[in-house]
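Undergrad: What follows is run-v2.tsv; its format and atoms are TSV, C-alpha atoms.
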chain	number	residue	atom	x	y	z
A	1	MET	CA	-47.88	-3.67	30.38
A	2	THR	CA	-44.22	-2.90	31.13
A	3	GLN	CA	-43.49	-6.56	31.69
A	4	TYR	CA	-45.28	-7.44	28.45
A	5	LEU	CA	-43.29	-4.90	26.40
A	6	THR	CA	-40.01	-5.94	27.97
A	7	GLY	CA	-40.72	-9.55	27.21
A	8	SER	CA	-41.73	-8.72	23.63
A	9	VAL	CA	-38.55	-6.76	22.96
A	10	ALA	CA	-36.43	-9.55	24.40
A	11	GLY	CA	-38.27	-12.09	22.29
A	12	ILE	CA	-37.74	-10.08	19.10
A	13	ALA	CA	-34.05	-9.69	19.92
A	14	MET	CA	-33.65	-13.44	20.44
A	15	THR	CA	-35.47	-14.12	17.19
A	16	LEU	CA	-33.15	-11.79	15.27
A	17	LEU	CA	-30.11	-13.41	16.80
A	18	ALA	CA	-31.38	-16.80	15.75
A	19	VAL	CA	-31.69	-15.77	12.09
A	20	PRO	CA	-28.55	-16.85	10.21
A	21	ALA	CA	-26.52	-14.24	8.34
A	22	VAL	CA	-27.67	-13.80	4.76
A	23	ALA	CA	-25.23	-15.47	2.39
A	24	GLU	CA	-23.94	-13.06	-0.21
A	25	THR	CA	-21.69	-13.21	-3.25
A	26	PHE	CA	-19.10	-10.45	-3.47
A	27	THR	CA	-17.42	-9.63	-6.78
A	28	LEU	CA	-13.90	-8.18	-6.67
A	29	ARG	CA	-11.91	-6.88	-9.64
A	30	ILE	CA	-8.23	-7.78	-9.37
A	31	GLY	CA	-5.42	-6.95	-11.77
A	32	ALA	CA	-1.81	-6.08	-12.51
A	33	GLY	CA	0.08	-4.32	-15.25
A	34	HIS	CA	2.41	-7.25	-15.87
A	35	PRO	CA	1.19	-10.60	-17.21
A	36	SER	CA	0.95	-13.76	-15.18
A	37	GLY	CA	3.61	-16.30	-16.09
A	38	PRO	CA	6.72	-14.18	-16.76
A	39	SER	CA	6.11	-12.08	-13.62
A	40	ALA	CA	6.20	-14.14	-10.43
A	41	TYR	CA	4.30	-11.64	-8.29
A	42	VAL	CA	1.39	-11.72	-10.76
A	43	THR	CA	1.55	-15.50	-11.09
A	44	ASP	CA	1.28	-15.79	-7.31
A	45	THR	CA	-1.62	-13.34	-7.35
A	46	GLU	CA	-3.46	-15.45	-9.89
A	47	ARG	CA	-2.50	-18.92	-8.68
A	48	PHE	CA	-2.19	-18.41	-4.93
A	49	PHE	CA	-4.06	-15.37	-3.65
A	50	VAL	CA	-7.20	-15.63	-5.82
A	51	PRO	CA	-7.90	-19.36	-5.39
A	52	GLU	CA	-6.98	-19.34	-1.69
A	53	VAL	CA	-9.33	-16.45	-0.87
A	54	THR	CA	-12.04	-18.09	-2.96
A	55	ARG	CA	-11.56	-21.44	-1.23
A	56	ARG	CA	-11.38	-20.13	2.32
A	57	VAL	CA	-14.36	-17.80	2.03
A	58	ALA	CA	-16.48	-20.66	0.67
A	59	ALA	CA	-15.27	-23.09	3.34
A	60	GLU	CA	-15.23	-20.82	6.39
A	61	THR	CA	-18.10	-18.35	5.87
A	62	GLU	CA	-21.65	-18.23	4.56
A	63	HIS	CA	-20.46	-16.08	1.67
A	64	GLU	CA	-18.73	-16.38	-1.68
A	65	VAL	CA	-16.11	-14.21	-3.37
A	66	VAL	CA	-15.84	-14.09	-7.16
A	67	PHE	CA	-12.82	-12.43	-8.76
A	68	ILE	CA	-12.82	-10.70	-12.13
A	69	GLU	CA	-9.17	-10.94	-13.16
A	70	GLY	CA	-7.33	-8.55	-15.44
A	71	TYR	CA	-3.59	-9.01	-15.78
A	72	GLY	CA	-1.08	-7.85	-18.35
A	73	GLY	CA	-2.44	-4.30	-18.34
A	74	SER	CA	-5.91	-5.30	-19.50
A	75	ILE	CA	-7.42	-3.06	-16.80
A	76	ALA	CA	-4.49	-0.89	-15.70
A	77	SER	CA	-0.89	-0.60	-16.89
A	78	VAL	CA	2.16	-1.00	-14.67
A	79	SER	CA	2.19	2.74	-13.95
A	80	GLU	CA	-1.57	2.98	-13.42
A	81	THR	CA	-2.32	0.18	-10.98
A	82	LEU	CA	-1.84	2.15	-7.75
A	83	GLU	CA	-4.24	4.81	-9.03
A	84	ALA	CA	-6.68	2.17	-10.29
A	85	VAL	CA	-6.90	0.70	-6.80
A	86	GLN	CA	-7.14	4.16	-5.26
A	87	ASN	CA	-10.01	5.16	-7.55
A	88	GLY	CA	-11.82	1.83	-7.27
A	89	ILE	CA	-11.34	0.80	-10.88
A	90	LEU	CA	-9.64	-2.21	-9.33
A	91	ASP	CA	-10.65	-3.55	-5.93
A	92	VAL	CA	-7.33	-5.37	-5.57
A	93	GLY	CA	-4.12	-4.56	-7.40
A	94	ALA	CA	-0.61	-6.00	-7.55
A	95	TYR	CA	2.08	-3.60	-8.67
A	96	CYS	CA	5.75	-2.70	-8.50
A	97	MET	CA	6.44	0.36	-6.42
A	98	CYS	CA	9.28	1.09	-8.86
A	99	PHE	CA	6.68	2.61	-11.19
A	100	GLU	CA	5.69	5.11	-8.51
A	101	PRO	CA	9.02	6.93	-8.00
A	102	ALA	CA	7.31	10.04	-6.62
A	103	LYS	CA	4.42	8.67	-4.59
A	104	LEU	CA	6.36	5.72	-3.17
A	105	PHE	CA	9.90	7.08	-3.35
A	106	LEU	CA	11.04	5.72	-0.01
A	107	HIS	CA	9.21	2.42	-0.39
A	108	ASN	CA	11.76	1.60	-3.08
A	109	PHE	CA	14.50	1.48	-0.44
A	110	PRO	CA	15.88	-1.96	-1.49
A	111	TYR	CA	16.91	-0.43	-4.83
A	112	TYR	CA	19.05	2.11	-3.00
A	113	THR	CA	21.40	-0.56	-1.65
A	114	PRO	CA	22.38	-2.66	-4.70
A	115	PHE	CA	24.48	-5.81	-4.40
A	116	GLY	CA	22.32	-6.83	-1.46
A	117	PRO	CA	20.80	-10.29	-0.80
A	118	GLN	CA	21.07	-12.61	-3.76
A	119	SER	CA	18.29	-14.75	-2.32
A	120	SER	CA	14.73	-13.45	-2.41
A	121	THR	CA	14.01	-15.36	0.78
A	122	GLN	CA	16.61	-13.25	2.62
A	123	ALA	CA	15.52	-10.04	0.93
A	124	MET	CA	11.82	-10.57	1.71
A	125	SER	CA	12.64	-11.35	5.33
A	126	ALA	CA	14.66	-8.14	5.64
A	127	ALA	CA	11.97	-6.01	3.98
A	128	ARG	CA	9.29	-7.35	6.31
A	129	ALA	CA	11.47	-6.48	9.29
A	130	VAL	CA	11.69	-2.89	8.04
A	131	TYR	CA	7.93	-2.59	7.55
A	132	ASP	CA	7.41	-3.92	11.06
A	133	GLU	CA	9.98	-1.53	12.54
A	134	VAL	CA	8.73	1.51	10.62
A	135	PRO	CA	4.89	1.36	10.52
A	136	TRP	CA	4.87	4.61	8.54
A	137	LEU	CA	5.60	2.57	5.40
A	138	THR	CA	2.40	0.56	5.73
A	139	GLU	CA	0.30	3.50	6.89
A	140	GLN	CA	1.03	5.54	3.77
A	141	PHE	CA	-1.06	3.30	1.55
A	142	GLU	CA	-4.26	4.02	3.42
A	143	ALA	CA	-3.49	7.56	4.54
A	144	ASN	CA	-2.57	8.84	1.08
A	145	TYR	CA	-3.89	6.38	-1.48
A	146	GLY	CA	-7.10	4.90	-0.07
A	147	GLN	CA	-5.90	1.31	0.03
A	148	VAL	CA	-4.72	-1.31	2.50
A	149	MET	CA	-1.46	-3.16	1.93
A	150	LEU	CA	-2.13	-6.89	2.06
A	151	GLY	CA	1.36	-8.21	1.42
A	152	LEU	CA	4.76	-7.65	-0.13
A	153	HIS	CA	6.32	-9.44	-3.07
A	154	GLY	CA	9.34	-8.74	-5.23
A	155	TRP	CA	11.71	-9.44	-8.09
A	156	ASP	CA	14.41	-12.08	-8.13
A	157	ASN	CA	18.12	-11.25	-8.44
A	158	TYR	CA	18.96	-8.64	-11.09
A	159	HIS	CA	21.52	-9.24	-13.86
A	160	ILE	CA	22.12	-7.71	-17.30
A	161	GLY	CA	21.22	-9.04	-20.72
A	162	THR	CA	22.68	-7.42	-23.84
A	163	VAL	CA	22.70	-7.70	-27.60
A	164	LYS	CA	26.51	-7.83	-27.66
A	165	PRO	CA	28.93	-9.52	-25.25
A	166	TRP	CA	30.91	-7.62	-22.62
A	167	SER	CA	33.36	-8.66	-19.91
A	168	ASN	CA	34.07	-5.59	-17.80
A	169	VAL	CA	32.20	-2.47	-16.75
A	170	ALA	CA	34.17	-0.26	-19.15
A	171	ASP	CA	32.63	-2.19	-22.06
A	172	LEU	CA	29.23	-0.74	-21.14
A	173	ALA	CA	30.27	2.88	-21.61
A	174	GLY	CA	27.79	4.49	-23.98
A	175	VAL	CA	25.64	1.35	-24.26
A	176	LYS	CA	21.90	2.00	-23.93
A	177	ILE	CA	20.39	-0.31	-21.32
A	178	ALA	CA	16.79	-0.25	-20.17
A	179	GLY	CA	15.52	-0.48	-16.63
A	180	ALA	CA	12.62	0.56	-14.44
A	181	GLY	CA	13.12	3.81	-12.56
A	182	PRO	CA	14.90	3.32	-9.24
A	183	ASN	CA	17.52	0.95	-10.63
A	184	LEU	CA	18.64	3.19	-13.48
A	185	PRO	CA	21.32	4.90	-11.34
A	186	TRP	CA	23.11	1.56	-11.12
A	187	LEU	CA	23.74	1.89	-14.84
A	188	GLU	CA	24.85	5.51	-14.61
A	189	PHE	CA	27.57	4.57	-12.17
A	190	GLY	CA	28.63	1.83	-14.58
A	191	GLY	CA	28.93	4.25	-17.50
A	192	ALA	CA	25.99	2.88	-19.48
A	193	ILE	CA	23.19	5.07	-20.83
A	194	PRO	CA	20.06	4.29	-18.78
A	195	VAL	CA	16.71	4.16	-20.58
A	196	GLN	CA	13.40	4.12	-18.74
A	197	SER	CA	11.20	1.35	-20.13
A	198	ALA	CA	8.70	-1.37	-19.23
A	199	LEU	CA	8.86	-5.11	-19.78
A	200	PRO	CA	6.15	-5.32	-22.47
A	201	ASP	CA	8.25	-3.00	-24.69
A	202	GLY	CA	11.57	-4.78	-24.28
A	203	TYR	CA	11.59	-7.41	-27.02
A	204	LEU	CA	10.82	-5.09	-29.93
A	205	SER	CA	12.97	-2.28	-28.57
A	206	MET	CA	16.08	-4.46	-28.41
A	207	GLN	CA	15.25	-6.07	-31.72
A	208	THR	CA	15.05	-2.68	-33.44
A	209	GLY	CA	17.97	-1.04	-31.62
A	210	VAL	CA	16.03	1.42	-29.47
A	211	TYR	CA	18.33	0.19	-26.72
A	212	ASP	CA	20.89	-2.60	-26.48
A	213	GLY	CA	20.18	-4.40	-23.23
A	214	TRP	CA	17.99	-4.86	-20.19
A	215	LEU	CA	18.71	-4.76	-16.49
A	216	MET	CA	16.57	-7.74	-15.64
A	217	PHE	CA	16.18	-10.82	-13.44
A	218	PRO	CA	16.29	-14.21	-15.22
A	219	SER	CA	12.67	-15.27	-14.65
A	220	ALA	CA	11.35	-12.33	-16.68
A	221	TYR	CA	14.27	-12.27	-19.11
A	222	LEU	CA	13.34	-15.81	-20.11
A	223	GLY	CA	9.59	-15.29	-19.79
A	224	PHE	CA	9.56	-12.31	-22.13
A	225	LYS	CA	12.03	-14.07	-24.47
A	226	PHE	CA	14.52	-11.23	-24.30
A	227	HIS	CA	17.30	-13.75	-24.92
A	228	GLU	CA	16.22	-13.92	-28.56
A	229	PRO	CA	17.16	-10.34	-29.54
A	230	ALA	CA	19.76	-10.02	-26.73
A	231	PRO	CA	21.34	-13.45	-26.07
A	232	HIS	CA	24.24	-12.36	-23.83
A	233	TYR	CA	23.13	-12.68	-20.21
A	234	THR	CA	25.75	-11.65	-17.68
A	235	LEU	CA	25.37	-12.56	-14.01
A	236	VAL	CA	26.11	-9.40	-12.04
A	237	GLY	CA	24.11	-9.97	-8.87
A	238	PHE	CA	22.63	-6.57	-8.09
A	239	GLY	CA	20.34	-8.39	-5.68
A	240	ALA	CA	16.74	-9.47	-5.17
A	241	MET	CA	14.31	-6.58	-4.73
A	242	PRO	CA	11.22	-6.86	-2.47
A	243	VAL	CA	9.47	-3.86	-4.01
A	244	ASN	CA	6.10	-5.21	-5.15
A	245	VAL	CA	2.87	-4.92	-3.22
A	246	LEU	CA	-0.63	-6.40	-3.18
A	247	ALA	CA	-3.22	-3.89	-2.00
A	248	ILE	CA	-6.99	-3.60	-1.71
A	249	ASN	CA	-9.14	-0.48	-2.00
A	250	SER	CA	-10.13	0.61	1.53
A	251	ARG	CA	-13.79	1.08	0.61
A	252	SER	CA	-13.93	-2.29	-1.10
A	253	LEU	CA	-12.52	-3.96	1.99
A	254	ALA	CA	-14.87	-2.13	4.35
A	255	ARG	CA	-18.01	-3.27	2.52
A	256	LEU	CA	-17.14	-6.92	3.08
A	257	PRO	CA	-18.27	-8.88	6.16
A	258	GLU	CA	-15.67	-8.99	8.91
A	259	ASP	CA	-14.97	-12.70	8.48
A	260	VAL	CA	-14.30	-12.20	4.76
A	261	GLN	CA	-12.08	-9.20	5.50
A	262	GLN	CA	-10.06	-11.30	7.94
A	263	ILE	CA	-9.53	-14.05	5.39
A	264	ILE	CA	-8.38	-11.57	2.75
A	265	ARG	CA	-5.88	-10.06	5.18
A	266	GLU	CA	-4.59	-13.48	6.23
A	267	VAL	CA	-4.21	-14.73	2.67
A	268	GLY	CA	-2.48	-11.48	1.72
A	269	ARG	CA	0.11	-12.12	4.41
A	270	ALA	CA	0.43	-15.75	3.32
A	271	TYR	CA	1.02	-14.46	-0.23
A	272	GLU	CA	3.94	-12.49	1.16
A	273	ASP	CA	5.23	-15.38	3.28
A	274	GLN	CA	5.55	-17.66	0.26
A	275	ALA	CA	7.00	-14.98	-2.03
A	276	GLY	CA	10.67	-15.54	-1.17
A	277	ALA	CA	10.64	-19.24	-2.00
A	278	SER	CA	8.50	-18.59	-5.07
A	279	LEU	CA	10.95	-15.99	-6.39
A	280	ASP	CA	14.00	-18.12	-5.66
A	281	ALA	CA	12.39	-20.96	-7.60
A	282	ALA	CA	11.58	-18.58	-10.47
A	283	GLN	CA	15.20	-17.38	-10.45
A	284	GLN	CA	16.54	-20.90	-10.82
A	285	ALA	CA	13.97	-21.85	-13.43
A	286	GLY	CA	14.89	-18.73	-15.39
A	287	LEU	CA	18.61	-19.50	-15.32
A	288	ASP	CA	17.98	-23.12	-16.30
A	289	GLY	CA	15.66	-22.05	-19.10
A	290	LEU	CA	18.10	-19.50	-20.47
A	291	ALA	CA	20.87	-22.10	-20.52
A	292	THR	CA	18.75	-24.48	-22.58
A	293	SER	CA	17.20	-21.85	-24.85
A	294	GLY	CA	20.28	-20.60	-26.62
A	295	ALA	CA	21.26	-17.75	-24.31
A	296	ILE	CA	24.95	-17.22	-23.60
A	297	VAL	CA	25.15	-17.03	-19.81
A	298	THR	CA	28.40	-15.76	-18.29
A	299	GLU	CA	29.42	-14.35	-14.93
A	300	LEU	CA	30.95	-10.94	-14.38
A	301	PRO	CA	34.49	-11.36	-12.98
A	302	ALA	CA	34.66	-10.85	-9.23
A	303	GLU	CA	37.03	-7.87	-9.52
A	304	ALA	CA	34.71	-6.08	-11.93
A	305	ARG	CA	31.71	-6.74	-9.69
A	306	ALA	CA	33.59	-5.45	-6.64
A	307	ALA	CA	34.57	-2.27	-8.48
A	308	TRP	CA	30.97	-1.67	-9.56
A	309	ALA	CA	29.72	-2.22	-6.03
A	310	SER	CA	32.33	0.17	-4.65
A	311	SER	CA	31.22	2.88	-7.06
A	312	LEU	CA	27.74	2.75	-5.52
A	313	THR	CA	28.66	3.02	-1.85
A	314	GLY	CA	27.33	6.60	-1.66
A	315	PHE	CA	24.00	5.79	-3.30
A	316	ALA	CA	22.16	4.81	-0.11
A	317	GLU	CA	23.22	7.99	1.68
A	318	ARG	CA	22.24	10.11	-1.31
A	319	GLN	CA	18.76	8.57	-1.51
A	320	ALA	CA	18.25	8.79	2.25
A	321	ALA	CA	19.14	12.48	2.16
A	322	ASP	CA	16.73	12.99	-0.74
A	323	ALA	CA	13.95	11.31	1.26
A	324	ASN	CA	14.80	13.35	4.37
A	325	GLY	CA	14.49	16.48	2.25
A	326	ARG	CA	10.96	15.43	1.32
A	327	ASN	CA	10.06	15.10	5.01
A	328	LEU	CA	10.16	11.31	4.75
A	329	PRO	CA	11.98	9.08	7.28
A	330	GLY	CA	14.78	8.31	4.84
A	331	SER	CA	17.66	7.69	7.24
A	332	GLU	CA	15.45	5.67	9.57
A	333	VAL	CA	14.24	3.35	6.80
A	334	MET	CA	17.62	2.93	5.11
A	335	ASN	CA	19.42	2.13	8.36
A	336	ALA	CA	16.65	-0.29	9.33
A	337	TYR	CA	17.11	-2.13	6.04
A	338	LEU	CA	20.88	-2.29	6.33
A	339	ARG	CA	20.51	-3.81	9.80
A	340	ALA	CA	17.77	-6.20	8.71
A	341	VAL	CA	19.79	-7.54	5.78
A	342	THR	CA	22.76	-8.20	8.04
A	343	ALA	CA	20.46	-9.88	10.59
A	344	ALA	CA	19.09	-12.09	7.79
A	345	GLY	CA	22.60	-13.51	7.38
A	346	TYR	CA	23.86	-11.64	4.33
A	347	ASP	CA	27.37	-10.19	4.17
A	348	TRP	CA	27.42	-6.90	2.28
A	349	PRO	CA	30.24	-6.71	-0.31
A	350	VAL	CA	30.55	-2.98	0.43
A	351	THR	CA	29.89	-0.77	3.41
A	352	TYR	CA	26.92	1.56	3.13
A	353	THR	CA	26.84	4.40	5.63
A	354	VAL	CA	23.71	6.45	6.20
A	355	ASP	CA	23.71	9.34	8.68
Spell out the structure here as structure tokens.

TA:
Amino acid sequence: MTQYLTGSVAGIAMTLLAVPAVAETFTLRIGAGHPSGPSAYVTDTERFFVPEVTRRVAAETEHEVVFIEGYGGSIASVSETLEAVQNGILDVGAYCMCFEPAKLFLHNFPYYTPFGPQSSTQAMSAARAVYDEVPWLTEQFEANYGQVMLGLHGWDNYHIGTVKPWSNVADLAGVKIAGAGPNLPWLEFGGAIPVQSALPDGYLSMQTGVYDGWLMFPSAYLGFKFHEPAPHYTLVGFGAMPVNVLAINSRSLARLPEDVQQIIREVGRAYEDQAGASLDAAQQAGLDGLATSGAIVTELPAEARAAWASSLTGFAERQAADANGRNLPGSEVMNAYLRAVTAAGYDWPVTYTVD
């Protein structure tokens, strides 16, 4: 009898192992507050991440993934996307950490060292080095917000567009210029009046005089047609900012088969790996498009740029101290980024010192 039962159990086990995994279709909601097209990180979400996950899951597993896409704030606005992923309204979300100045204060570290890498390829490389050196940055997404970071992305090099022309920093005194949170102090040091805003509001606000300019990279400045109400685009070179993230709800990821999870993680990293080149291409396309669309593109004189950069040399230390005061590894992260940028081959125009 014992031999019979043992043989029966073994036979059942072998039969179960022989049964192929049941093919399933998994539906994932993915979105971003910005629209695809003018915003490179959303374009890459729509045109790279979504089709690549879809293709690889179909080709490499027994399953299928179907995405329900909602960009341009159709599911969650720019300031709601982190929470939408956390709460499961979105399974996957792409968002700028600049709209989470409290929850992700230290993750905005590239903003705290303006006039950094002009190339997004360099900036993305440096940011990845920091995330690898300081795992705390990655861990915060799951520990505090119920999501897994899949990959970084960013913005291309920041410049300033205005309704009226200007040629030196003093000309901006009292001028209202919009920006997005962590970069507003750049304007304060320059004497301008910073105004917190979001890209979808920019065109009408400059057209009606709510403010008189935008601190903005060329890809979005062209994409949102800001050059129509504010045609004077001045190349300042505040730097490319790797401050966007693609993340998936932890519960949504866990309910997927392991092979599908692995593909999503791998494609998320590939999304990050291609971001630098994608952003650099968007930067050039934006500059070319502005030049042929009636914008008046000029370059801030080198002396004026150097003076502006010098006025911000204490910004990194100030932000690191603020982070330290919140029990965050501010000095560690800021120093890691300064080293990583230098290692990426960029020569800082000023010397930032962080204790």

Undergrad: My list of candidates is A:Asp44, A:Asn108, A:His34, A:Leu300. Which is closest to Glu80 in chain A when distances are computed with all atoms listed in the file?

TA: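 Ranked by minimum distance to Glu80 in chain A, first place goes to A:His34.
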
Undergrad: Per residue of range 242-341 of chain A within 7 Å of range 171-191 of chain A, which atom pair is closest and at what distance in Å (one decimal), using only C-alpha atoms, listed by chain and increasing number, as a tab-separated table?

TA:
residue	atom	partner	partner_atom	distance
A:Trp308	CA	A:Gly190	CA	6.6
A:Ser311	CA	A:Phe189	CA	6.5
A:Leu312	CA	A:Phe189	CA	6.9

Undergrad: Using all atoms listed in the file, which of A:Arg47, A:Arg56, A:His107, A:His232 sits nearest Gln319 in chain A?

TA: A:His107

Undergrad: For each of A:Gly223, A:Gly154, A:Pro200, A:Pro110, take the minimum atom-to-atom distance to Gly286 in chain A, counting all atoms listed in the file, then give the residue where this is smallest.

TA: A:Gly223

Undergrad: List every residue of range 37-149 of chain A that has an atom at most 12 Å from any atom of range 261-283 of chain A, and for each one report the closest atom pair and its distance in Å to one decimal, counting all atoms listed in the file, with rows sorted by chain and then by increasing residue number, as CSV.

TA:
residue,atom,partner,partner_atom,distance
A:Gly37,CA,A:Ala282,CA,10.0
A:Pro38,CA,A:Ala282,CA,9.1
A:Ser39,CA,A:Ala282,CA,9.1
A:Ala40,CA,A:Leu279,CA,6.5
A:Tyr41,CA,A:Ala275,CA,7.6
A:Val42,CA,A:Ala275,CA,10.9
A:Thr43,CA,A:Ser278,CA,9.7
A:Asp44,CA,A:Tyr271,CA,7.2
A:Thr45,CA,A:Tyr271,CA,7.7
A:Glu46,CA,A:Tyr271,CA,10.7
A:Arg47,CA,A:Tyr271,CA,10.2
A:Phe48,CA,A:Tyr271,CA,6.9
A:Phe49,CA,A:Tyr271,CA,6.2
A:Val50,CA,A:Val267,CA,9.0
A:Pro51,CA,A:Val267,CA,10.0
A:Glu52,CA,A:Val267,CA,6.9
A:Val53,CA,A:Ile264,CA,6.1
A:Thr54,CA,A:Ile264,CA,9.4
A:Arg55,CA,A:Ile263,CA,10.1
A:Arg56,CA,A:Ile263,CA,7.1
A:Val57,CA,A:Ile263,CA,7.0
A:Ala58,CA,A:Ile263,CA,10.7
A:Ala59,CA,A:Ile263,CA,10.9
A:Glu60,CA,A:Ile263,CA,8.9
A:Thr61,CA,A:Ile263,CA,9.6
A:His63,CA,A:Gln261,CA,11.5
A:Glu64,CA,A:Ile263,CA,11.8
A:Val65,CA,A:Ile264,CA,10.2
A:Val92,CA,A:Ile264,CA,10.4
A:Gly93,CA,A:Gly268,CA,11.6
A:Ala94,CA,A:Gly268,CA,10.9
A:Pro117,CA,A:Gly276,CA,11.4
A:Gln118,CA,A:Asp280,CA,9.2
A:Ser119,CA,A:Asp280,CA,6.4
A:Ser120,CA,A:Gly276,CA,4.7
A:Thr121,CA,A:Gly276,CA,3.9
A:Gln122,CA,A:Gly276,CA,7.4
A:Ala123,CA,A:Gly276,CA,7.6
A:Met124,CA,A:Gly276,CA,5.9
A:Ser125,CA,A:Gly276,CA,8.0
A:Ala126,CA,A:Gly276,CA,10.8
A:Ala127,CA,A:Glu272,CA,10.7
A:Arg128,CA,A:Glu272,CA,9.0
A:Val148,CA,A:Arg265,CA,9.2
A:Met149,CA,A:Gly268,CA,8.4

Undergrad: Which residue is closest to Thr27 in chain A? Choose from A:Ala76, A:Val236, A:Tyr145, A:Asp91 and count only C-alpha atoms.

TA: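 Of all the options, A:Asp91 lies closest to Thr27 in chain A.
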
Undergrad: Which one is closest to Gly239 in chain A: A:Asp156, A:Glu133, A:Glu317, A:Glu62? Count only C-alpha atoms.

TA: A:Asp156

Undergrad: How many Å separate CA of Asn144 in chain A from CA of Glu258 in chain A?

TA: 23.5 Å

Undergrad: Counting all atoms listed in the file, which residue out of A:Gly70, A:Gly161, A:Gly202, A:Pro218 sits closest to Thr234 in chain A?

TA: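 Smallest distance to Thr234 in chain A is found for A:Gly161.
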
Undergrad: Skip Ser331 in chain A itself and residues of its chain fewer than 3 positions away, then list as a PDB file with C-alpha atoms, keeping the file's coordinate frame all residues within 12 Å of it, counting only C-alpha atoms.

TA:
ATOM      1  CA  LEU A 106      11.040   5.720  -0.010  1.00  0.00           C
ATOM      2  CA  PHE A 109      14.500   1.480  -0.440  1.00  0.00           C
ATOM      3  CA  TYR A 112      19.050   2.110  -3.000  1.00  0.00           C
ATOM      4  CA  VAL A 134       8.730   1.510  10.620  1.00  0.00           C
ATOM      5  CA  ALA A 316      22.160   4.810  -0.110  1.00  0.00           C
ATOM      6  CA  GLU A 317      23.220   7.990   1.680  1.00  0.00           C
ATOM      7  CA  ARG A 318      22.240  10.110  -1.310  1.00  0.00           C
ATOM      8  CA  GLN A 319      18.760   8.570  -1.510  1.00  0.00           C
ATOM      9  CA  ALA A 320      18.250   8.790   2.250  1.00  0.00           C
ATOM     10  CA  ALA A 321      19.140  12.480   2.160  1.00  0.00           C
ATOM     11  CA  ASP A 322      16.730  12.990  -0.740  1.00  0.00           C
ATOM     12  CA  ALA A 323      13.950  11.310   1.260  1.00  0.00           C
ATOM     13  CA  ASN A 324      14.800  13.350   4.370  1.00  0.00           C
ATOM     14  CA  GLY A 325      14.490  16.480   2.250  1.00  0.00           C
ATOM     15  CA  ARG A 326      10.960  15.430   1.320  1.00  0.00           C
ATOM     16  CA  ASN A 327      10.060  15.100   5.010  1.00  0.00           C
ATOM     17  CA  LEU A 328      10.160  11.310   4.750  1.00  0.00           C
ATOM     18  CA  MET A 334      17.620   2.930   5.110  1.00  0.00           C
ATOM     19  CA  ASN A 335      19.420   2.130   8.360  1.00  0.00           C
ATOM     20  CA  ALA A 336      16.650  -0.290   9.330  1.00  0.00           C
ATOM     21  CA  TYR A 337      17.110  -2.130   6.040  1.00  0.00           C
ATOM     22  CA  LEU A 338      20.880  -2.290   6.330  1.00  0.00           C
ATOM     23  CA  TYR A 352      26.920   1.560   3.130  1.00  0.00           C
ATOM     24  CA  THR A 353      26.840   4.400   5.630  1.00  0.00           C
ATOM     25  CA  VAL A 354      23.710   6.450   6.200  1.00  0.00           C
ATOM     26  CA  ASP A 355      23.710   9.340   8.680  1.00  0.00           C
TER      27      ASP A 355
END

Undergrad: Which value, in Å to one decimal, gives the distance between CA of Val243 in chain A and CA of Trp155 in chain A?

TA: 7.3 Å

Undergrad: Please, which residues are within 12 Å of (-9.1, -3.5, -20.7) by the file's coordinates, counting all atoms listed in the file, and could they come as a tab-separated table (two decimals) with C-alpha atoms, keeping the file's coordinate frame?

TA:
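This went into selection09.tsv:
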chain	number	residue	atom	x	y	z
A	29	ARG	CA	-11.91	-6.88	-9.64
A	31	GLY	CA	-5.42	-6.95	-11.77
A	32	ALA	CA	-1.81	-6.08	-12.51
A	33	GLY	CA	0.08	-4.32	-15.25
A	68	ILE	CA	-12.82	-10.70	-12.13
A	69	GLU	CA	-9.17	-10.94	-13.16
A	70	GLY	CA	-7.33	-8.55	-15.44
A	71	TYR	CA	-3.59	-9.01	-15.78
A	72	GLY	CA	-1.08	-7.85	-18.35
A	73	GLY	CA	-2.44	-4.30	-18.34
A	74	SER	CA	-5.91	-5.30	-19.50
A	75	ILE	CA	-7.42	-3.06	-16.80
A	76	ALA	CA	-4.49	-0.89	-15.70
A	77	SER	CA	-0.89	-0.60	-16.89
A	89	ILE	CA	-11.34	0.80	-10.88
A	90	LEU	CA	-9.64	-2.21	-9.33

Undergrad: May I have the residues within 9 Å of Ser310 in chain A as an MDAnalysis selection string, using all atoms listed in the file and disregarding those fewer than 4 positions away in the same chain?

TA: chainID A and resid 305:306 314 349:351

Undergrad: Box along x, y and z, 8 Å on every side, all listed atoms of range 349-354 of chain A inside: centre and edge lengths in Å to one decimal, as lines of an AutoDock Vina configuration file.

TA:
center_x = 27.1
center_y = -0.1
center_z = 2.9
size_x = 22.8
size_y = 29.2
size_z = 22.5

Undergrad: CA of Ile193 in chain A to CA of Asn244 in chain A: how many Å, to one decimal?

TA: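 Between these atoms lies a distance of 25.4 Å.
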
Undergrad: From the structure block, carefully write range 289-300 of chain A out with C-alpha atoms; format it as a PDB file, in the first residue's frame.

TA:
ATOM      1  CA  GLY A 289      12.218  73.970 -34.672  1.00  0.00           C
ATOM      2  CA  LEU A 290      12.329  77.235 -32.744  1.00  0.00           C
ATOM      3  CA  ALA A 291      14.743  78.701 -35.288  1.00  0.00           C
ATOM      4  CA  THR A 292      12.390  77.897 -38.154  1.00  0.00           C
ATOM      5  CA  SER A 293       9.163  78.805 -36.353  1.00  0.00           C
ATOM      6  CA  GLY A 294       9.725  82.494 -35.806  1.00  0.00           C
ATOM      7  CA  ALA A 295      11.381  82.410 -32.390  1.00  0.00           C
ATOM      8  CA  ILE A 296      14.252  84.801 -31.744  1.00  0.00           C
ATOM      9  CA  VAL A 297      17.009  82.589 -30.354  1.00  0.00           C
ATOM     10  CA  THR A 298      19.989  84.311 -28.738  1.00  0.00           C
ATOM     11  CA  GLU A 299      22.733  83.253 -26.340  1.00  0.00           C
ATOM     12  CA  LEU A 300      23.393  84.829 -22.971  1.00  0.00           C
TER      13      LEU A 300
END
